[in-house]
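Raw contents of work23.txt, compact mmCIF, C-alpha atoms:
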# COMPACT_ATOMS: atom_id res chain seq x y z
CA MET A 1 -20.58 3.38 9.25
CA ARG A 2 -19.52 1.08 6.44
CA PRO A 3 -17.06 -1.76 7.08
CA LEU A 4 -14.28 -2.08 4.51
CA THR A 5 -11.90 -4.87 3.62
CA LEU A 6 -8.30 -4.16 2.76
CA ILE A 7 -7.55 -5.14 -0.82
CA LYS A 8 -3.98 -3.93 -1.31
CA THR A 9 -1.48 -1.60 0.28
CA LEU A 10 0.04 0.63 -2.39
CA GLU A 11 2.41 2.79 -0.35
CA TYR A 12 3.94 1.93 2.99
CA TYR A 13 5.98 4.09 5.33
CA ASP A 14 5.75 3.26 9.06
CA VAL A 15 2.12 2.35 8.34
CA PRO A 16 0.13 2.05 5.10
CA GLN A 17 0.08 5.51 3.55
CA ILE A 18 -2.08 4.60 0.55
CA PHE A 19 -4.26 1.53 0.22
CA VAL A 20 -7.24 0.17 -1.67
CA ALA A 21 -10.20 -1.23 0.25
CA ALA A 22 -13.62 -2.45 -0.79
CA ASP A 23 -17.05 -2.41 0.81
CA ALA A 24 -19.61 -5.22 0.84
CA THR A 25 -20.84 -4.27 -2.63
CA GLY A 26 -17.35 -4.53 -4.11
CA THR A 27 -16.93 -0.79 -4.54
CA ASN A 28 -13.27 0.21 -4.34
CA TYR A 29 -12.03 3.01 -2.08
CA LEU A 30 -8.65 4.64 -2.65
CA CYS A 31 -7.47 5.78 0.78
CA THR A 32 -4.64 8.14 1.74
CA LEU A 33 -3.48 8.70 5.32
CA TYR A 34 -3.82 12.27 6.58
CA HIS A 35 -4.00 12.11 10.37
CA HIS A 36 -3.40 9.95 13.39
CA ASP A 37 -4.39 10.31 17.01
CA ALA A 38 -4.77 7.86 19.86
CA GLU A 39 -8.54 8.23 20.19
CA ARG A 40 -9.66 7.85 16.59
CA GLY A 41 -6.73 5.85 15.21
CA TYR A 42 -5.47 6.39 11.66
CA LEU A 43 -7.63 8.63 9.50
CA TYR A 44 -7.61 8.26 5.74
CA LEU A 45 -9.29 10.28 3.05
CA GLY A 46 -11.15 7.71 0.99
CA VAL A 47 -12.69 8.12 -2.44
CA GLN A 48 -14.88 5.65 -4.24
CA ILE A 49 -13.09 4.83 -7.46
CA SER A 50 -13.84 2.75 -10.53
CA GLU A 51 -11.58 -0.09 -11.61
CA PRO A 52 -10.31 1.73 -14.74
CA ARG A 53 -9.46 4.86 -12.76
CA LEU A 54 -7.81 2.80 -10.06
CA MET A 55 -5.72 1.07 -12.73
CA ALA A 56 -4.80 4.48 -14.13
CA PHE A 57 -3.53 5.54 -10.72
CA ALA A 58 -1.67 2.28 -10.11
CA GLY A 59 -0.14 2.66 -13.55
CA GLY A 60 1.21 6.11 -12.74
CA GLN A 61 -1.17 7.92 -15.08
CA LEU A 62 -3.40 9.67 -12.53
CA ASP A 63 -2.29 12.33 -10.06
CA LEU A 64 -3.36 11.17 -6.60
CA ARG A 65 -4.71 14.63 -5.76
CA ASP A 66 -6.96 14.56 -8.83
CA ALA A 67 -8.57 11.35 -7.58
CA TYR A 68 -9.90 13.34 -4.61
CA VAL A 69 -10.42 16.79 -6.12
CA HIS A 70 -12.26 15.39 -9.12
CA PRO A 71 -14.09 12.25 -7.97
CA GLU A 72 -16.07 10.34 -10.58
CA VAL A 73 -19.41 10.64 -8.81
CA GLU A 74 -21.03 12.77 -6.12
CA ASN A 75 -20.93 11.60 -2.52
CA ALA A 76 -17.77 9.61 -3.17
CA LEU A 77 -15.56 11.03 -0.40
CA TYR A 78 -15.34 9.48 3.07
CA VAL A 79 -13.30 9.57 6.20
CA VAL A 80 -11.95 6.03 6.52
CA THR A 81 -10.65 5.01 9.92
CA ALA A 82 -8.22 2.23 10.73
CA LYS A 83 -8.19 1.26 14.37
CA GLN A 84 -7.23 -2.07 15.87
CA GLU A 85 -7.06 -3.52 12.36
CA VAL A 86 -10.68 -2.58 11.61
CA LEU A 87 -11.35 -0.46 8.53
CA THR A 88 -14.51 1.64 8.45
CA ALA A 89 -15.84 4.33 6.14
CA THR A 90 -17.29 6.60 8.77
CA THR A 91 -18.20 10.05 7.56
CA LEU A 92 -19.46 11.09 4.15
CA LEU A 93 -17.65 14.24 3.12
CA GLN A 94 -18.70 16.98 0.77
CA PRO A 95 -16.06 18.72 -1.35
CA GLN A 96 -16.22 21.79 0.89
CA ASP A 97 -15.35 19.58 3.88
CA ILE A 98 -11.97 18.69 2.39
CA THR A 99 -9.13 20.79 3.73
CA ASP A 100 -5.77 21.10 2.05
CA GLU A 101 -4.15 19.27 4.97
CA MET A 102 -6.16 16.17 4.02
CA LEU A 103 -5.02 16.21 0.40
CA PRO A 104 -1.77 15.13 -1.21
CA GLU A 105 0.15 17.80 -3.03
CA THR A 106 -0.06 17.99 -6.80
CA GLY A 107 2.36 15.69 -8.57
CA TYR A 108 2.17 12.42 -6.68
CA PHE A 109 2.07 9.79 -9.40
CA TYR A 110 2.30 6.20 -8.20
CA ASP A 111 5.53 4.38 -8.98
CA ALA A 112 5.12 0.67 -9.55
CA SER A 113 8.65 0.22 -10.90
CA ASP A 114 10.21 -1.23 -7.75
CA LEU A 115 7.40 -3.25 -6.20
CA ALA A 116 8.64 -5.98 -3.89
CA ASP A 117 5.94 -8.37 -5.08
CA GLU A 118 6.44 -7.58 -8.75
CA ALA A 119 6.85 -11.23 -9.64
CA GLU A 120 3.61 -12.05 -7.88
CA SER A 121 1.78 -9.18 -9.54
CA GLN A 122 2.71 -10.65 -12.92
CA THR A 123 0.79 -13.79 -12.10
CA ASP A 124 -2.71 -14.35 -13.43
CA ILE A 125 -5.09 -16.59 -11.52
CA TYR A 126 -7.60 -18.75 -13.37
CA GLN A 127 -10.38 -21.03 -12.31
CA LEU A 128 -10.77 -23.88 -14.77
CA GLU A 129 -13.20 -26.68 -15.25
CA VAL A 130 -11.40 -29.81 -16.40
CA PRO A 131 -13.15 -33.07 -17.32
CA THR A 132 -12.53 -35.67 -14.66
CA HIS A 133 -10.92 -38.11 -17.09
CA ASP A 134 -8.27 -35.47 -17.90
CA ARG A 135 -7.41 -34.86 -14.29
CA ILE A 136 -4.14 -36.78 -14.25
CA THR A 137 -3.06 -35.29 -17.57
CA PHE A 138 -3.88 -31.83 -16.33
CA SER A 139 -2.05 -32.36 -13.05
CA THR A 140 0.99 -33.47 -15.04
CA LEU A 141 0.76 -30.39 -17.21
CA ILE A 142 0.63 -28.15 -14.12
CA SER A 143 3.68 -29.86 -12.71
CA ARG A 144 5.69 -29.63 -15.94
CA MET A 145 4.86 -25.95 -16.47
CA GLY A 146 5.77 -25.00 -12.92
CA TRP A 147 2.34 -23.51 -12.33
CA ARG A 148 0.89 -23.40 -8.86
CA ALA A 149 -2.45 -25.03 -8.07
CA LEU A 150 -4.27 -23.21 -5.31
CA SER A 151 -6.52 -26.18 -4.64
CA LEU A 152 -7.63 -29.29 -6.41
CA SER A 153 -11.09 -30.52 -5.65
CA ASN A 154 -13.15 -32.92 -7.61
CA VAL A 155 -16.33 -33.21 -9.51
CA LEU A 156 -18.84 -30.53 -10.16
CA LYS A 157 -22.12 -32.24 -10.94
CA GLY A 158 -20.09 -35.35 -11.71
CA LYS A 159 -18.60 -33.80 -14.83
CA ALA A 160 -15.57 -31.75 -14.01
CA ALA A 161 -12.61 -31.41 -11.73
CA ILE A 162 -12.16 -27.90 -10.40
CA LEU A 163 -8.69 -26.50 -10.12
CA MET B 164 22.74 4.86 1.37
CA PRO B 165 19.50 4.88 3.39
CA ILE B 166 17.46 8.02 3.53
CA ALA B 167 15.35 8.49 6.64
CA MET B 168 12.24 10.60 6.86
CA ASN B 169 10.99 9.77 10.33
CA ILE B 170 12.83 8.77 13.47
CA SER B 171 9.94 8.75 15.88
CA ARG B 172 8.89 5.18 16.60
CA ASN B 173 10.40 3.16 19.37
CA GLY B 174 13.18 1.11 17.87
CA LEU B 175 11.66 0.87 14.38
CA VAL B 176 12.48 3.34 11.67
CA SER B 177 11.32 3.37 8.07
CA LEU B 178 14.05 4.12 5.55
CA ILE B 179 14.02 4.71 1.82
CA ASP B 180 17.13 4.14 -0.28
CA ASN B 181 15.92 6.20 -3.22
CA GLU B 182 16.14 9.98 -2.88
CA VAL B 183 13.69 10.71 -5.69
CA LYS B 184 11.17 8.37 -4.12
CA ALA B 185 11.70 9.90 -0.68
CA ARG B 186 11.17 13.41 -2.00
CA LYS B 187 7.99 12.33 -3.78
CA ASN B 188 6.60 10.91 -0.56
CA LEU B 189 6.82 14.40 0.94
CA LYS B 190 3.78 15.19 -1.23
CA LEU B 191 1.63 12.87 0.88
CA PRO B 192 -0.47 14.48 3.63
CA MET B 193 1.20 12.79 6.61
CA PHE B 194 4.64 13.95 5.50
CA ARG B 195 3.72 17.63 5.59
CA GLN B 196 4.96 17.70 9.19
CA PHE B 197 8.48 16.89 8.04
CA LYS B 198 10.88 19.57 6.95
CA GLY B 199 12.66 17.36 4.47
CA ILE B 200 14.86 14.31 4.18
CA ILE B 201 18.32 13.43 5.39
CA ALA B 202 20.85 10.85 4.29
CA LEU B 203 22.38 8.70 7.00
CA ALA B 204 25.52 6.62 7.31
CA LEU B 205 24.71 3.64 9.53
CA ASN B 206 27.22 1.47 11.32
CA PRO B 207 26.77 -2.28 11.92
CA THR B 208 26.42 -1.52 15.63
CA ASP B 209 23.41 0.75 14.97
CA GLY B 210 21.06 -2.16 14.34
CA VAL B 211 19.62 -4.29 11.58
CA VAL B 212 18.12 -3.16 8.28
CA LYS B 213 15.77 -5.28 6.19
CA GLN B 214 13.72 -4.60 3.08
CA THR B 215 10.06 -4.42 4.11
CA GLY B 216 6.84 -2.94 2.82
CA VAL B 217 5.49 -2.61 -0.68
CA HIS B 218 8.48 -1.20 -2.52
CA LEU B 219 12.00 -2.57 -2.79
CA SER B 220 13.28 0.89 -1.88
CA HIS B 221 11.67 0.70 1.59
CA TYR B 222 13.54 -0.72 4.59
CA THR B 223 12.90 -1.06 8.28
CA TRP B 224 15.73 -0.28 10.63
CA TRP B 225 15.61 -2.04 14.01
CA ARG B 226 17.80 0.11 16.21
CA THR B 227 19.99 -1.39 18.91
CA LYS B 228 19.55 -0.20 22.47
CA SER B 229 23.07 1.13 22.35
CA PHE B 230 22.29 3.35 19.39
CA GLN B 231 22.80 7.01 20.16
CA MET B 232 21.12 9.63 18.05
CA SER B 233 24.05 11.94 18.80
CA ASN B 234 26.38 9.53 17.00
CA LEU B 235 24.26 9.54 13.85
CA LYS B 236 26.17 10.84 10.89
CA MET B 237 23.97 12.96 8.66
CA LEU B 238 25.51 13.13 5.22
CA GLN B 239 23.14 15.47 3.53
CA ILE B 240 20.25 17.77 4.41

Translate the structure of the given file into structure tokens.
Amino acid sequence: MRPLTLIKTLEYYDVPQIFVAADATGTNYLCTLYHHDAERGYLYLGVQISEPRLMAFAGGQLDLRDAYVHPEVENALYVVTAKQEVLTATTLLQPQDITDEMLPETGYFYDASDLADEAESQTDIYQLEVPTHDRITFSTLISRMGWRALSLSNVLKGKAAIL
Amino acid sequence: MPIAMNISRNGLVSLIDNEVKARKNLKLPMFRQFKGIIALALNPTDGVVKQTGVHLSHYTWWRTKSFQMSNLKMLQI
């Protein structure tokens, strides 16, 4: 049993159909819904996936089925359950455990062309160290550029303001 | 024109306004139980529709209590 944290929902219909989650080590799991029942909740087929491969899928360059049929490493497939808002990688699956009913059909390429949060996804987030004596200047710059400061705290070892 | 793929939940219905997108979703495992997609013509008295979810093409339809499935006009199967 491995607790997971939801990173991003990629496809939603009634409930999340495809999402990315991560475990405590930061390993990403690409999860696709395949079953639901009252006792076990929502069951997803999860595959451990590297950042480049995940980006390939999100960019529409990787067939979703291939992510599961050809995982990057052995022992990468799990049953991931979602019940009462708790995500858990429960059962390690071997390739022979995967039935066709659990897999997407060939030809599902992700479409990121009409994302509702497209504007947000085009935003980069930085953490900067700014000398304390430049704090006012930097705050002015942020304001003039229309950037958004997530937090403004002061002084790291007396030398820098952290934005 | 909204395209519905599932009319099962109490009061809430997911809709997709893009036929190509709706057909592609049929490739996902949970949609295997569906025979296909239909196009619907909704009346103002049928409820409220709002864009929700990840994609701009996805909407949630909150049905009114007075909504009758028998009055639903299916434009295309």

* Would you mind telling me which residue in A:Phe138, A:Tyr12, A:Tyr110, A:Tyr78 lies nearest to A:Leu43 when using only C-alpha atoms? =>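 Smallest separation from A:Leu43 among the options: A:Tyr78.
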
* Pull out every residue of chain A that has at least one atom within 10 Å of chain B, counting only C-alpha atoms, and report them as a PyMOL selection string. => chain A and resi 8-18+32-36+44-45+64-65+100-118

* To do: Would you kindly identify which residues have an atom no farther than 10 Å from (18.1, 2.9, 21.8), using all atoms listed in the file and the file's own coordinates, and write them out as a PyMOL selection string?
  => chain B and resi 173-174+209-210+225-232

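The spacing separating atom CA of A:Glu74 from atom CA of A:Val47 amounts to 10.2 Å.
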
Please provide the set of residues having any atom within 6 Å of A:Gly46, restricted to all atoms listed in the file, with same-chain residues fewer than 4 positions apart removed, written as a PDB file with C-alpha atoms, in the frame of the given file.
ATOM      1  CA  TYR A  29     -12.030   3.010  -2.080  1.00  0.00           C
ATOM      2  CA  LEU A  30      -8.650   4.640  -2.650  1.00  0.00           C
ATOM      3  CA  CYS A  31      -7.470   5.780   0.780  1.00  0.00           C
ATOM      4  CA  LEU A  77     -15.560  11.030  -0.400  1.00  0.00           C
ATOM      5  CA  TYR A  78     -15.340   9.480   3.070  1.00  0.00           C
ATOM      6  CA  VAL A  79     -13.300   9.570   6.200  1.00  0.00           C
ATOM      7  CA  VAL A  80     -11.950   6.030   6.520  1.00  0.00           C
TER       8      VAL A  80
END

* To do: Quote the spacing between atom CA of A:Ala24 and atom CA of A:Ala58 in Å to one decimal place.
  =>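 These two atoms are separated by 22.3 Å.
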
* Asked: So which residues are close to (-18.9, 17.6, 0.3), meaning at most 10 Å away in the file's coordinates with only C-alpha atoms counted, and can you show them as number ranges by chain?
  -> A: 74-78, 92-98

* In Å to one decimal, how far is atom CA of A:Thr90 from atom CA of A:Arg2? -> 6.4 Å

* Asked: Taking all atoms listed in the file into account, which of A:Ile125, A:Ala38, A:Leu87, A:Met145 comes nearest A:Pro3?
  ->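 Looking at the shortest contact to A:Pro3, the residue is A:Leu87.
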
* For A:Tyr42, which residue out of A:Leu62, A:Leu141, A:Ala89, A:Ala56 is the nearest one, using all atoms listed in the file? -> A:Ala89

* **Of the listed residues A:Glu72, A:Asp37, A:Glu85, A:Asp63, that which approaches A:Ile49 most closely, counting only C-alpha atoms** =>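 Checking each candidate against A:Ile49, we get A:Glu72 as the closest.
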